[in-house]
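Visitor: Next comes the structure file target22.csv, holding CSV, C-alpha atoms.
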chain,number,residue,atom,x,y,z
A,1036,MET,CA,83.1,115.2,126.6
A,1037,HIS,CA,85.9,112.7,126.9
A,1038,ALA,CA,85.5,111.6,123.3
A,1039,PHE,CA,86.2,115.1,122.1
A,1040,PRO,CA,89.4,116.4,123.6
A,1041,LEU,CA,89.4,119.6,121.5
A,1042,LEU,CA,86.2,120.8,123.3
A,1043,VAL,CA,87.2,122.8,126.4
A,1044,GLN,CA,84.9,123.7,129.2
A,1045,TRP,CA,84.7,127.5,129.4
A,1046,SER,CA,82.4,128.0,132.3
A,1047,ALA,CA,80.7,125.9,134.9
A,1048,SER,CA,77.4,127.7,135.5
A,1049,PRO,CA,75.9,126.9,133.1
A,1050,PRO,CA,78.4,124.3,131.7
A,1051,VAL,CA,79.7,125.7,128.4
A,1052,TYR,CA,82.2,124.0,126.0
A,1053,HIS,CA,84.0,125.7,123.2
A,1054,GLY,CA,86.4,124.2,120.7
A,1055,PHE,CA,86.6,122.1,117.5
A,1056,LEU,CA,85.3,118.9,116.0
A,1057,THR,CA,87.9,117.1,113.9
A,1058,VAL,CA,86.3,115.7,110.8
A,1059,MET,CA,88.5,114.1,108.1
A,1060,ASP,CA,91.1,116.9,107.4
A,1061,ARG,CA,89.0,119.8,108.7
A,1062,GLU,CA,88.5,121.3,112.2
A,1063,LEU,CA,85.1,122.8,112.6
A,1064,GLU,CA,84.5,125.4,115.4
A,1065,LEU,CA,81.5,125.0,117.6
A,1066,CYS,CA,80.1,125.9,121.1
A,1067,ILE,CA,77.9,123.8,123.3
A,1068,GLU,CA,75.8,124.9,126.3
A,1069,MET,CA,74.5,122.2,128.6
A,1070,PRO,CA,71.1,122.5,130.2
A,1071,LYS,CA,70.9,124.3,133.6
A,1072,THR,CA,70.1,122.7,136.8
A,1073,GLY,CA,67.1,123.9,138.9
A,1074,LEU,CA,69.5,125.7,141.2
A,1075,GLU,CA,71.2,127.4,138.3
A,1076,ARG,CA,67.8,128.5,136.8
A,1077,ARG,CA,66.8,130.1,140.1
A,1078,SER,CA,70.1,131.9,140.5
A,1079,THR,CA,70.1,133.3,136.9
A,1080,SER,CA,66.4,134.2,136.7
A,1081,THR,CA,67.1,137.9,136.7
A,1082,LYS,CA,70.0,137.7,134.2
A,1083,ASP,CA,70.8,135.2,131.5
A,1084,ASN,CA,74.5,134.4,131.4
A,1085,SER,CA,74.3,132.1,128.4
A,1086,ILE,CA,77.0,132.6,125.9
A,1087,PHE,CA,74.3,132.4,123.2
A,1088,HIS,CA,73.1,135.8,124.4
A,1089,SER,CA,76.2,137.3,126.0
A,1090,THR,CA,79.2,138.8,124.1
A,1091,ALA,CA,81.2,139.8,127.2
A,1092,GLY,CA,83.3,137.9,129.7
A,1093,PRO,CA,85.4,134.8,129.2
A,1094,SER,CA,83.1,133.4,126.5
A,1095,SER,CA,83.3,136.5,124.3
A,1096,THR,CA,85.7,134.7,121.9
A,1097,ALA,CA,83.4,131.8,121.5
A,1098,VAL,CA,81.1,131.3,118.6
A,1099,VAL,CA,78.2,133.8,118.5
A,1100,PRO,CA,75.7,131.8,116.4
A,1101,GLN,CA,73.3,133.0,113.8
A,1102,ARG,CA,71.7,129.6,114.0
A,1103,ALA,CA,71.7,126.9,116.7
A,1104,LEU,CA,70.2,123.5,117.6
A,1105,SER,CA,68.5,123.2,121.0
A,1106,SER,CA,66.9,120.4,123.0
A,1107,SER,CA,66.6,119.2,126.5
A,1108,LYS,CA,70.2,117.9,126.1
A,1109,GLY,CA,71.5,121.4,125.5
A,1110,SER,CA,72.2,123.9,122.7
A,1111,LEU,CA,74.8,123.7,119.9
A,1112,ALA,CA,76.1,126.6,117.8
A,1113,GLY,CA,78.7,126.5,115.1
A,1114,ASN,CA,80.6,128.8,112.7
A,1115,GLN,CA,79.6,129.6,109.2
A,1116,GLU,CA,81.6,126.7,107.7
A,1117,LEU,CA,79.8,124.2,109.8
A,1118,TRP,CA,76.3,125.4,108.9
A,1119,GLN,CA,77.2,125.6,105.2
A,1120,LEU,CA,78.0,121.8,105.4
A,1121,LEU,CA,74.8,121.1,107.3
A,1122,GLU,CA,72.5,123.2,105.1
A,1123,GLY,CA,69.3,121.4,104.5
A,1124,ARG,CA,69.8,118.9,107.2
A,1125,GLU,CA,68.8,121.1,110.2
A,1126,ALA,CA,65.4,119.4,110.8
A,1127,GLN,CA,67.0,115.9,110.7
A,1128,LEU,CA,69.8,116.9,113.1
A,1129,GLN,CA,67.2,118.5,115.4
A,1130,GLN,CA,65.4,115.2,115.6
A,1131,LYS,CA,68.6,113.3,116.2
A,1132,MET,CA,69.5,115.7,119.0
A,1133,GLU,CA,66.2,115.1,120.7
A,1134,GLU,CA,66.5,111.4,120.4
A,1135,ALA,CA,70.1,111.1,121.6
A,1136,ALA,CA,70.8,109.8,125.1
A,1137,SER,CA,73.3,112.7,125.7
A,1138,MET,CA,75.0,115.6,124.0
A,1139,GLU,CA,78.1,113.5,123.6
A,1140,ASP,CA,76.1,110.8,121.8
A,1141,PHE,CA,74.7,113.4,119.5
A,1142,LEU,CA,78.1,114.8,118.7
A,1143,ILE,CA,79.2,111.3,117.6
A,1144,GLU,CA,76.2,111.2,115.2
A,1145,LEU,CA,77.1,114.7,114.0
A,1146,VAL,CA,80.6,113.7,113.2
A,1147,ASP,CA,79.3,110.7,111.2
A,1148,THR,CA,76.9,113.0,109.3
A,1149,LEU,CA,79.7,115.4,108.5
A,1150,GLU,CA,82.1,112.7,107.3
A,1151,SER,CA,79.4,111.4,105.0
A,1152,ILE,CA,78.8,114.9,103.6
A,1153,LEU,CA,82.6,115.6,103.1
A,1154,SER,CA,83.2,112.1,101.5
A,1155,SER,CA,80.3,112.7,99.1
A,1156,ALA,CA,81.7,116.2,98.2
A,1157,ASP,CA,85.2,114.7,97.7
A,1158,SER,CA,83.9,111.9,95.6
A,1159,LYS,CA,82.1,114.4,93.4
A,1160,GLU,CA,85.2,116.6,93.1
A,1161,GLN,CA,87.4,113.6,92.3
A,1162,LYS,CA,84.9,112.5,89.6
A,1163,GLU,CA,85.1,116.0,88.0
A,1164,ASN,CA,88.9,116.0,88.3
A,1165,SER,CA,89.1,112.5,86.8
A,1166,VAL,CA,87.2,113.6,83.7
A,1167,THR,CA,89.5,116.6,83.3
A,1168,TYR,CA,92.6,114.4,84.0
A,1169,TRP,CA,91.6,111.7,81.4
A,1170,SER,CA,90.5,114.1,78.7
A,1171,SER,CA,93.7,116.2,79.1
A,1172,ILE,CA,95.9,113.1,78.7
A,1173,MET,CA,94.0,111.8,75.7
A,1174,ALA,CA,94.3,115.2,74.0
A,1175,GLN,CA,98.0,115.2,74.5
A,1176,ILE,CA,98.4,111.7,73.1
A,1177,ASP,CA,96.1,112.5,70.2
A,1178,ALA,CA,98.3,115.4,69.3
A,1179,LEU,CA,101.5,113.3,69.6
A,1180,GLY,CA,100.1,110.4,67.7
A,1181,TRP,CA,99.0,107.0,69.1
A,1182,ASP,CA,101.5,105.2,67.0
A,1183,ARG,CA,104.3,106.8,69.1
A,1184,VAL,CA,102.9,105.3,72.3
A,1185,SER,CA,104.0,101.7,73.0
A,1186,HIS,CA,102.4,101.3,76.4
A,1187,LEU,CA,99.7,103.1,78.4
A,1188,SER,CA,98.9,102.1,82.0
A,1189,PRO,CA,95.2,101.4,82.7
A,1190,ASP,CA,95.0,104.4,85.0
A,1191,LEU,CA,96.7,106.6,82.4
A,1192,HIS,CA,99.4,107.5,84.9
A,1193,LEU,CA,102.3,106.2,82.8
A,1194,ALA,CA,102.9,106.2,79.1
A,1195,GLU,CA,105.9,104.8,77.2
A,1196,VAL,CA,106.7,106.9,74.1
A,1197,ASP,CA,108.9,105.6,71.3
A,1198,LEU,CA,111.7,107.8,70.1
A,1199,SER,CA,114.3,107.4,67.4
A,1200,ASP,CA,117.7,109.1,66.7
A,1201,GLY,CA,119.2,110.0,63.3
A,1202,SER,CA,120.5,106.4,62.8
A,1203,GLN,CA,116.9,105.0,63.4
A,1204,ARG,CA,117.8,103.4,66.7
A,1205,ARG,CA,114.8,102.9,68.9
A,1206,HIS,CA,114.6,104.6,72.3
A,1207,LYS,CA,111.9,104.9,74.9
A,1208,ILE,CA,110.9,107.6,77.3
A,1209,VAL,CA,108.4,107.2,80.2
A,1210,VAL,CA,105.9,110.0,80.8
A,1211,GLU,CA,104.3,110.4,84.2
A,1212,PHE,CA,101.0,112.2,84.5
A,1213,PRO,CA,100.6,113.1,88.2
A,1214,PRO,CA,97.2,113.1,89.9
A,1215,GLY,CA,97.0,116.9,89.7
A,1216,TYR,CA,97.5,117.0,85.9
A,1217,PRO,CA,96.9,119.3,84.0
A,1218,VAL,CA,97.3,121.8,86.8
A,1219,VAL,CA,100.5,119.9,87.8
A,1220,PRO,CA,102.8,119.4,84.8
A,1221,PHE,CA,103.7,115.9,83.6
A,1222,LYS,CA,107.2,114.6,84.1
A,1223,LEU,CA,109.6,112.7,81.9
A,1224,ASN,CA,111.7,109.9,83.3
A,1225,PRO,CA,115.4,110.0,82.3
A,1226,LEU,CA,116.5,108.7,79.0
A,1227,GLU,CA,119.0,105.8,78.8
A,1228,ILE,CA,122.1,107.8,78.0
A,1229,PRO,CA,125.8,107.5,79.1
A,1230,THR,CA,127.4,109.2,82.0
A,1231,CYS,CA,129.7,112.1,80.9
A,1232,ASP,CA,132.5,113.9,82.8
A,1233,SER,CA,132.1,117.0,80.6
A,1234,ASP,CA,130.2,120.1,81.6
A,1235,GLN,CA,128.1,119.4,78.5
A,1236,GLN,CA,126.5,116.5,80.2
A,1237,TRP,CA,122.7,116.6,79.8
A,1238,GLU,CA,121.3,117.8,83.0
A,1239,GLY,CA,118.2,115.5,82.7
A,1240,ARG,CA,120.3,112.3,83.1
A,1241,GLY,CA,119.7,110.1,86.1
A,1242,GLN,CA,116.7,112.0,87.5
A,1243,ILE,CA,113.1,112.6,86.8
A,1244,PHE,CA,112.9,116.0,85.3
A,1245,SER,CA,109.8,118.3,85.3
A,1246,VAL,CA,108.4,119.9,82.2
A,1247,ALA,CA,107.7,123.6,82.4
A,1248,GLU,CA,104.0,124.5,82.9
A,1249,GLY,CA,102.3,124.9,79.5
A,1250,VAL,CA,104.7,122.7,77.5
A,1251,ASN,CA,102.8,120.0,75.7
A,1252,LEU,CA,103.8,116.4,75.2
A,1253,THR,CA,104.7,116.8,71.6
A,1254,SER,CA,107.2,119.6,72.3
A,1255,ALA,CA,108.7,117.7,75.2
A,1256,VAL,CA,109.2,114.6,73.0
A,1257,LYS,CA,110.9,116.7,70.3
A,1258,GLN,CA,113.2,118.2,72.9
A,1259,ALA,CA,114.1,114.7,74.1
A,1260,GLU,CA,114.9,113.6,70.5
A,1261,LYS,CA,117.2,116.6,70.2
A,1262,GLN,CA,119.0,115.4,73.3
A,1263,LEU,CA,119.4,111.9,71.7
A,1264,GLU,CA,121.2,113.5,68.7
A,1265,ILE,CA,124.0,114.5,71.1
A,1266,PHE,CA,124.9,110.9,71.6
A,1267,ARG,CA,124.1,109.5,68.2
A,1268,PRO,CA,127.8,109.4,67.1
A,1269,PHE,CA,128.6,107.6,70.3
A,1270,TRP,CA,125.9,105.0,69.8
A,1271,ASP,CA,127.2,104.5,66.2
A,1272,VAL,CA,130.6,103.7,67.5
A,1273,MET,CA,129.4,101.3,70.2
A,1274,GLN,CA,127.0,99.6,67.7
A,1275,ASP,CA,130.0,99.0,65.4
A,1276,PHE,CA,131.9,97.2,68.2
A,1277,ASP,CA,128.8,95.1,69.0
A,1278,SER,CA,128.4,94.1,65.3
A,1279,ASN,CA,132.0,93.5,64.3
A,1280,SER,CA,133.7,92.0,67.3
A,1281,TRP,CA,133.3,89.4,70.1
A,1282,VAL,CA,132.1,91.5,73.0
A,1283,ILE,CA,132.6,89.4,76.2
A,1284,ASP,CA,131.6,92.1,78.6
A,1285,PRO,CA,129.1,93.5,79.3
A,1286,GLU,CA,126.9,90.6,78.4
A,1287,ARG,CA,123.9,92.7,77.5
A,1288,PRO,CA,125.2,96.2,76.7
A,1289,THR,CA,122.8,99.1,77.4
A,1290,LYS,CA,122.7,102.5,75.7
A,1291,ALA,CA,124.4,103.9,78.8
A,1292,ASP,CA,127.4,101.6,78.7
A,1293,CYS,CA,130.6,103.3,77.6
A,1294,MET,CA,132.8,100.2,77.9
A,1295,ARG,CA,133.3,97.1,75.8
A,1296,ARG,CA,135.7,94.2,76.5
A,1297,CYS,CA,136.5,92.6,73.2
A,1298,ALA,CA,138.2,89.3,72.5
A,1299,LEU,CA,141.6,89.4,70.7
A,1300,GLY,CA,142.4,85.6,70.7
A,1301,ASN,CA,145.3,83.8,72.2
A,1302,HIS,CA,143.7,84.1,75.6
A,1303,CYS,CA,143.9,87.9,75.3
A,1304,SER,CA,141.2,90.6,75.4
A,1305,ILE,CA,141.0,94.4,75.3
A,1306,GLN,CA,138.8,96.7,77.3
A,1307,ILE,CA,137.8,99.8,75.4
A,1308,THR,CA,136.1,102.9,77.2
A,1309,VAL,CA,134.7,105.5,74.8
A,1310,ASP,CA,134.2,109.2,75.6
A,1311,PRO,CA,130.4,109.7,74.8
A,1312,LEU,CA,130.9,113.3,73.6
A,1313,LEU,CA,134.1,112.6,71.7
A,1314,PRO,CA,133.5,109.0,70.5
A,1315,ARG,CA,136.0,109.0,67.7
A,1316,ASN,CA,138.9,110.1,69.8
A,1317,ILE,CA,141.5,107.6,71.1
A,1318,PRO,CA,139.6,105.6,73.8
A,1319,GLU,CA,141.0,104.4,77.1
A,1320,THR,CA,142.2,100.8,76.8
A,1321,ARG,CA,143.2,98.0,79.1
A,1322,LEU,CA,144.6,94.7,78.2
A,1323,PHE,CA,143.7,91.3,79.9
A,1324,GLY,CA,145.5,88.1,79.5
A,1325,PRO,CA,148.8,86.3,80.1
A,1326,VAL,CA,151.9,88.5,80.0
A,1327,ALA,CA,153.3,86.6,76.9
A,1328,SER,CA,150.1,87.5,75.0
A,1329,VAL,CA,149.6,91.0,76.3
A,1330,GLU,CA,153.0,92.5,75.9
A,1331,PRO,CA,153.1,92.3,72.0
A,1332,VAL,CA,149.7,93.9,71.9
A,1333,ARG,CA,150.7,96.7,74.3
A,1334,THR,CA,153.8,97.4,72.2
A,1335,LYS,CA,151.7,97.8,69.1
A,1336,LEU,CA,149.3,100.1,70.9
A,1337,PHE,CA,152.2,102.3,71.9
A,1338,GLN,CA,154.2,102.3,68.6
A,1339,ASN,CA,151.2,102.7,66.2
A,1340,SER,CA,149.1,105.2,68.2
A,1341,GLY,CA,150.1,107.9,65.6
A,1342,LEU,CA,148.1,106.1,63.0
A,1343,TRP,CA,144.8,107.0,64.7
A,1344,ASP,CA,142.4,108.7,62.2
A,1345,ILE,CA,139.4,110.4,63.7
A,1346,THR,CA,137.5,110.1,60.4
A,1347,LYS,CA,137.4,106.3,60.9
A,1348,LEU,CA,135.5,104.4,63.5
A,1349,PRO,CA,137.5,103.4,66.6
A,1350,ARG,CA,137.1,99.7,65.8
A,1351,GLU,CA,138.7,100.3,62.4
A,1352,ASN,CA,141.5,102.3,63.9
A,1353,LEU,CA,142.3,99.6,66.5
A,1354,GLU,CA,142.4,96.9,63.8
A,1355,VAL,CA,145.0,99.0,62.0
A,1356,ILE,CA,147.0,99.8,65.2
A,1357,LEU,CA,146.9,96.2,66.5
A,1358,GLU,CA,147.6,94.9,63.0
A,1359,LEU,CA,144.5,92.7,62.9
A,1360,ALA,CA,144.5,91.9,59.2
A,1361,ASP,CA,141.3,89.9,59.5
A,1362,GLY,CA,139.7,92.3,61.9
A,1363,PHE,CA,138.6,91.7,65.5
A,1364,PRO,CA,137.9,88.0,66.3
A,1365,SER,CA,134.3,86.9,66.5
A,1366,PRO,CA,132.6,83.8,67.9
A,1367,VAL,CA,132.4,82.6,64.3
A,1368,ASN,CA,136.2,82.6,63.6
A,1369,VAL,CA,137.7,82.1,67.1
A,1370,SER,CA,137.0,79.0,69.3
A,1371,LYS,CA,136.0,79.3,72.9
A,1372,GLU,CA,138.9,77.1,73.9
A,1373,ASP,CA,141.3,79.6,72.2
A,1374,MET,CA,139.8,82.4,74.3
A,1375,ASN,CA,139.8,80.4,77.6
A,1376,ILE,CA,137.7,83.1,79.3
A,1377,GLU,CA,135.9,81.0,81.8
A,1378,CYS,CA,137.0,80.7,85.4
A,1379,GLY,CA,138.9,77.5,86.1
A,1380,ILE,CA,137.2,77.0,89.4
A,1381,CYS,CA,133.5,77.8,88.9
A,1382,TYR,CA,133.6,77.1,85.2
A,1383,SER,CA,131.6,80.2,84.4
A,1384,PHE,CA,132.4,83.6,82.9
A,1385,ARG,CA,130.3,85.7,85.2
A,1386,TYR,CA,130.1,85.2,88.9
A,1387,ASP,CA,128.1,87.7,91.0
A,1388,GLY,CA,128.4,90.1,88.1
A,1389,GLN,CA,132.2,89.8,87.9
A,1390,VAL,CA,134.3,88.4,85.1
A,1391,PRO,CA,137.6,86.4,85.6
A,1392,ASP,CA,140.2,89.0,86.4
A,1393,GLN,CA,143.2,87.0,87.6
A,1394,LEU,CA,145.5,84.6,85.6
A,1395,CYS,CA,148.0,82.0,86.6
A,1396,SER,CA,151.3,83.6,85.8
A,1397,HIS,CA,152.9,80.3,84.6
A,1398,ALA,CA,153.5,80.6,80.8
A,1399,LYS,CA,152.2,77.0,80.1
A,1400,CYS,CA,149.0,77.5,82.2
A,1401,GLN,CA,147.6,81.0,82.2
A,1402,GLN,CA,144.3,79.8,83.4
A,1403,PRO,CA,141.9,82.7,84.4
A,1404,PHE,CA,140.0,82.8,87.7
A,1405,HIS,CA,137.5,85.0,89.5
A,1406,LYS,CA,139.4,86.6,92.3
A,1407,VAL,CA,136.7,85.5,94.8
A,1408,CYS,CA,136.9,81.9,93.5
A,1409,LEU,CA,140.6,81.8,93.7
A,1410,TYR,CA,140.6,83.3,97.2
A,1411,GLU,CA,138.1,80.8,98.5
A,1412,TRP,CA,140.0,77.9,96.9
A,1413,LEU,CA,143.3,78.9,98.4
A,1414,ARG,CA,141.7,79.4,101.8
A,1415,SER,CA,140.4,75.8,101.7
A,1416,VAL,CA,143.9,74.4,101.0
A,1417,HIS,CA,145.9,73.7,104.2
A,1418,THR,CA,149.3,74.5,102.5
A,1419,THR,CA,148.3,78.1,101.7
A,1420,ARG,CA,150.1,80.8,103.6
A,1421,GLN,CA,148.8,84.3,104.3
A,1422,SER,CA,150.6,87.5,104.9
A,1423,PHE,CA,148.3,90.4,105.8
A,1424,GLN,CA,145.8,90.6,102.9
A,1425,THR,CA,147.8,88.4,100.5
A,1426,LEU,CA,147.4,84.6,100.1
A,1427,PHE,CA,150.2,82.4,98.7
A,1428,GLY,CA,149.3,79.0,97.4
A,1429,LEU,CA,149.4,76.6,94.4
A,1430,CYS,CA,147.4,77.0,91.1
A,1431,PRO,CA,144.7,74.3,91.1
A,1432,TYR,CA,145.6,73.5,87.4
A,1433,CYS,CA,149.4,73.5,87.1
A,1434,SER,CA,150.4,73.5,90.8
A,1435,GLU,CA,152.8,76.4,90.3
A,1436,THR,CA,152.9,79.3,92.8
A,1437,ILE,CA,149.9,81.7,92.6
A,1438,THR,CA,149.0,84.6,94.8
A,1439,THR,CA,145.8,86.6,95.3
A,1440,THR,CA,144.6,89.3,97.7
A,1441,VAL,CA,141.4,89.4,99.8
A,1442,PRO,CA,138.5,90.6,97.6
A,1443,LYS,CA,137.3,94.1,98.6
A,1444,ASN,CA,133.9,92.9,99.6
A,1445,MET,CA,135.4,90.5,102.1
A,1446,VAL,CA,137.8,92.9,103.8
Please express what this file holds, its structure, as structure tokens.

Guide:
Amino acid sequence: MHAFPLLVQWSASPPVYHGFLTVMDRELELCIEMPKTGLERRSTSTKDNSIFHSTAGPSSTAVVPQRALSSSKGSLAGNQELWQLLEGREAQLQQKMEEAASMEDFLIELVDTLESILSSADSKEQKENSVTYWSSIMAQIDALGWDRVSHLSPDLHLAEVDLSDGSQRRHKIVVEFPPGYPVVPFKLNPLEIPTCDSDQQWEGRGQIFSVAEGVNLTSAVKQAEKQLEIFRPFWDVMQDFDSNSWVIDPERPTKADCMRRCALGNHCSIQITVDPLLPRNIPETRLFGPVASVEPVRTKLFQNSGLWDITKLPRENLEVILELADGFPSPVNVSKEDMNIECGICYSFRYDGQVPDQLCSHAKCQQPFHKVCLYEWLRSVHTTRQSFQTLFGLCPYCSETITTTVPKNMV
């Protein structure tokens, strides 16, 4: 019985094995008695020690069969679960046992038969479950409305549902129907919403959240749309920046982005970070550009901050505070040369996701660079000096002194 390690020999005279057959994900208990030799038959002629007749001794915990298969190869008994699976196939198995070269060969055929039975049962169960799965999903989408569904995967596992907020902005939410649906509730993927530091932050952000059992898709979508309304004023503010200024970063803003870097002209730009829950409050600001251009803007921000009016959009407030009579510059009324926003070494605005963040300090130059580009340039010049993490060299444009530090990802 080397092929069946879970069958353990319980007695030697006659040889008796008790244990389990592992078939797919089940373990089926059985007991096997091998045929007696001539000597064993003579020694037990007055008393039958077979476990199929005895309930005492070391074999008392073995299977005491109500049914068994017997042949010259031996006898096999199993528990109720085994015979329920083999019901109706006893005659076929009896013939296979008689034709088998040994009991071990018969057990191999028995395992094949059981796998076929279980696979067929699983296939039937899966088919019944599939019908329930599909019909339940279709019923949910019918109730929601097919016009709300922009995409449905062929296996119905994923559905993209269109949402809209009070300003008629389009949003999408992905619904996952697990294989166990409707017994296992469907799940909603997180909406694209901003990160909040406040305790009021929506707990569903950034993770797949489960829907309580019994909640239908229509109710879940309505709840998601209520959550969108929390951020509608925030998206109104960000959309106003996108429509009425030259946003140079991020290149393709998402609904989760709280920051905009807007051009001001004269090689200067302002980074604005808006609180998603208090979008009309004074935002965090950071100025970029040469000192000569930035200082007057910083002075206006400080001196005119008392003019902030929360009934106005932040963009309108900043235009008043910064004294931008014609409003924020846009690509239409400001030339690219006037902005000078590209790196003077790689000649691109974005490099590995980063924008130029270092300027030549010389008033007549003020050329921007990516920190990593400037670092690599200075390293390649033999006149550059280094002290700890700081490099001292010459600007590649004006040849005036310029310094930079080792980028964090290179330390």

Visitor: As an exercise, work out the distance from atom CA of A:Trp1118 to atom CA of A:Trp1045 in Å and give it to one decimal place.

Guide: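 Atom CA of A:Trp1045 lies at a distance of 22.3 Å from atom CA of A:Trp1118.
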
Visitor: Considering all atoms listed in the file, return as a PyMOL selection string whatever protein or nucleic-acid residues lie within 10 Å of stretch 1422-1428 of chain A, sequence-local ones (same chain, fewer than 4 positions apart) excluded.

Guide: chain A and resi 1409-1410+1412-1414+1416-1418+1434-1442+1446

Visitor: Taking all listed atoms of stretch 1266-1277 of chain A, build the axis-aligned box, pad each of the six sides by 4 Å, then write its centre and edge lengths in Å to one decimal as lines of an AutoDock Vina configuration file.

Guide:
center_x = 128.0
center_y = 103.0
center_z = 68.5
size_x = 15.8
size_y = 23.8
size_z = 14.2

Visitor: With only C-alpha atoms as the basis for distance, which of A:Glu1330, A:Lys1207, A:Phe1221, A:Asp1200 is at the shortest distance from A:Ile1172?

Guide: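 Of all the options, A:Phe1221 lies closest to A:Ile1172.
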
Visitor: Would you kindly return, as a VMD selection string, each protein, DNA or RNA residue with an atom no farther than 7 Å from any atom of stretch 1187-1199 of chain A, considering all atoms listed in the file and excluding same-chain residues fewer than 6 positions away?

Guide: chain A and resid 1205 to 1213 1260

Visitor: Could you jot down the atom CA of A:Cys1430 to atom CA of A:Ile1283 separation for me, Å, one decimal place?

Guide: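 Straight-line distance from atom CA of A:Cys1430 to atom CA of A:Ile1283 works out to 24.4 Å.
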